[in-house]
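Q: Before anything else, here's the structure in question.
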Amino acid sequence: MALSAAEGAGTNQSGFNTPGQGRGLLEVFRWRYLLRLLVRKETSTRYRNSVLGWVWSYVRPAAQFIIFYLVMGVFLQMARGIENFAMYLFSGIIVINFFSEGFSNATRSLVDNAHLVRKIYMPRELFPVAAVIVSFVHFLPQAAVLLVVALIFGWLPLPMYLGAAILGILIVGLAATGLGLFFGSLNVAFRDAQNFVELILMVAVWASPVLYSWQMVASQVPEWLMWIYQVNPLTAGVELFHLAFWDPVTAGAHSLPDNFWTTVWIATAITVAGVLIGQWVFRKIEPRFAQDL
């Protein structure tokens, strides 16, 4: 009698989950309290024992801006070909910085938190997602500087401009998340993945119109290659930020390609597909995380 009851209890497992198996990124929303703790930990410890603290969030983009402006704007005279080149340059740099930091940190997130991955069960997607959110937090001071400068130049917070900026950040943030899931899971077993990511980031700043205009690319490459260039999520994100902040303060100087919005929506679809692929690869490799770490 007792054996039959035990067998019956053993067959009814509807209320249980297989250990180590969750619902992927959907679990991140259920564990949002832990996500907040991870984000708070990363943001509070990043500049611990630092004299300048959060000032470093301004130092790096400022140094990049000065170097690129001097080399590209002054020495190579790009400032003569692009009106209000300083605003053009800075609005692109902060987008690339957000992507670079989010992608890089998400790739290292599992290895950096190996002690938690080995000892505690939680959705492992929390780590790369938290890394991208922390990068967004560090992006906000740079965006605030851009916003202040834009307001000084006469920028107005019209819905079209705000919508373009939000869409650009969503595209770039999702791109960093998808790639972070993909390379973050590979990095657990193969540390070479981290070196490969550094190569991607080195190319990223040149693969989107941050230091130059899209017209320069269009004049040098065939149409089919220009399409590939435009559907790059980074290109879409940077151009949306140019549309949001640079164009309104340069008297409509931003000439968009005829197929601009078509390529933006294609880039958005590519980004969403990248997140799904990254999640799929992550889930395939996840059972090996504890032993590989």
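Chain labels A, B, ... are given in the sequence in which chains occur in the structure tokens; within each chain residues are numbered consecutively from 1, and ligands are likewise numbered from 1 in the order shown.
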Compile a residue-level contact table for range 161-274 of chain A against range 75-80 of chain A at a cut-off of 12 Å, reporting for every qualifying residue the shortest atom pair and its distance in Å to one decimal, with only C-alpha atoms counted, rows ordered by chain and ascending number, as CSV.
A:
residue,atom,partner,partner_atom,distance
A:Val210,CA,A:Met78,CA,11.5
A:Leu211,CA,A:Met78,CA,8.3
A:Tyr212,CA,A:Met78,CA,7.4
A:Ser213,CA,A:Met78,CA,9.4
A:Met216,CA,A:Met78,CA,11.1
Q: Could you write those residues out with N, CA and C atoms, as a CSV table (one decimal), in the first residue's frame?
A:
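For reference, part.csv as written:
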chain,number,residue,atom,x,y,z
A,210,VAL,N,30.8,56.0,-37.7
A,210,VAL,CA,31.1,56.8,-36.5
A,210,VAL,C,32.1,57.9,-36.9
A,211,LEU,N,33.1,57.5,-37.6
A,211,LEU,CA,34.2,58.4,-38.0
A,211,LEU,C,34.1,59.0,-39.4
A,212,TYR,N,33.1,58.5,-40.1
A,212,TYR,CA,32.9,58.9,-41.5
A,212,TYR,C,31.4,58.9,-41.8
A,213,SER,N,31.0,59.3,-43.0
A,213,SER,CA,29.6,59.3,-43.4
A,213,SER,C,29.3,58.1,-44.2
A,216,MET,N,30.4,58.1,-48.0
A,216,MET,CA,31.7,57.7,-48.4
A,216,MET,C,31.8,56.2,-48.7
Q: Name the residues in contact with Leu116 in chain A at a cut-off of 12 Å, using only C-alpha atoms, excluding same-chain residues fewer than 4 positions from it; report them as a ChimeraX atom specification.
A: /A:38,109-112,120-124,126-127,289-290,293
Q: Report as a Markdown table: every residue of range 219-244 of chain A with an atom at most 8 Å from range 164-183 of chain A, its closest pair of atoms, and their distance in Å to one decimal, counting only C-alpha atoms, with rows sorted by chain and ascending residue number.
A:
| residue | atom | partner | partner_atom | distance |
| --- | --- | --- | --- | --- |
| A:Pro233 | CA | A:Ile171 | CA | 6.4 |
| A:Leu234 | CA | A:Val172 | CA | 6.3 |
| A:Ala236 | CA | A:Gly168 | CA | 6.9 |
| A:Gly237 | CA | A:Gly168 | CA | 4.1 |
| A:Val238 | CA | A:Gly168 | CA | 6.9 |
| A:Glu239 | CA | A:Gly168 | CA | 8.0 |
| A:Leu240 | CA | A:Ala164 | CA | 5.3 |
| A:Phe241 | CA | A:Ala165 | CA | 5.3 |
| A:Leu243 | CA | A:Ala164 | CA | 6.9 |
| A:Ala244 | CA | A:Ala165 | CA | 5.6 |
Q: Any idea what's packed within 7 Å of Phe98 in chain A, counting only C-alpha atoms, ignoring anything in its chain fewer than 5 positions away? Could you give it as an MDAnalysis selection string?
A: chainID A and resid 135:136 139
Q: Got a sec: who's within 8 Å of range 193-198 of chain A, counting only C-alpha atoms, leaving out chain neighbours fewer than 6 positions off, as a list in words?
A: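 Result of the neighbour search: Ser104, Thr107, Arg108, Phe183, Gly184, Leu186 and Asn187 of chain A.
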Q: Could you save the residues just selected, with C-alpha atoms, as a CSV table (one decimal), in the first residue's frame?
A:
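Okay, this is what ended up in part-v2.csv:
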chain,number,residue,atom,x,y,z
A,104,SER,CA,32.8,42.3,-23.8
A,107,THR,CA,31.3,37.4,-22.9
A,108,ARG,CA,33.4,37.3,-19.6
A,183,PHE,CA,30.3,34.0,-27.1
A,184,GLY,CA,29.8,33.9,-23.3
A,186,LEU,CA,31.6,29.4,-25.8
A,187,ASN,CA,34.1,31.2,-23.6
Q: What's around Trp155 in chain A at 6 Å? Count only C-alpha atoms, leave out sequence neighbours fewer than 3 positions away in its own chain, and write the answer as a PyMOL selection string.
A: chain A and resi 150-151+249
Q: Report, in Å to a single decimal, how far apart CA of Ile277 in chain A and CA of Leu25 in chain A are.
A: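 If I compute the distance from CA of Leu25 in chain A to CA of Ile277 in chain A, I get 12.1 Å.
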Q: Taking the DSSP assignment computed from this structure's backbone, write out as number ranges by chain all residues of range 31-240 of chain A that belong to alpha helix (DSSP H).
A: A: 32-45, 56-68, 78-81, 85-112, 114-119, 126-152, 159-189, 192-204, 214-218, 223-230, 233-240
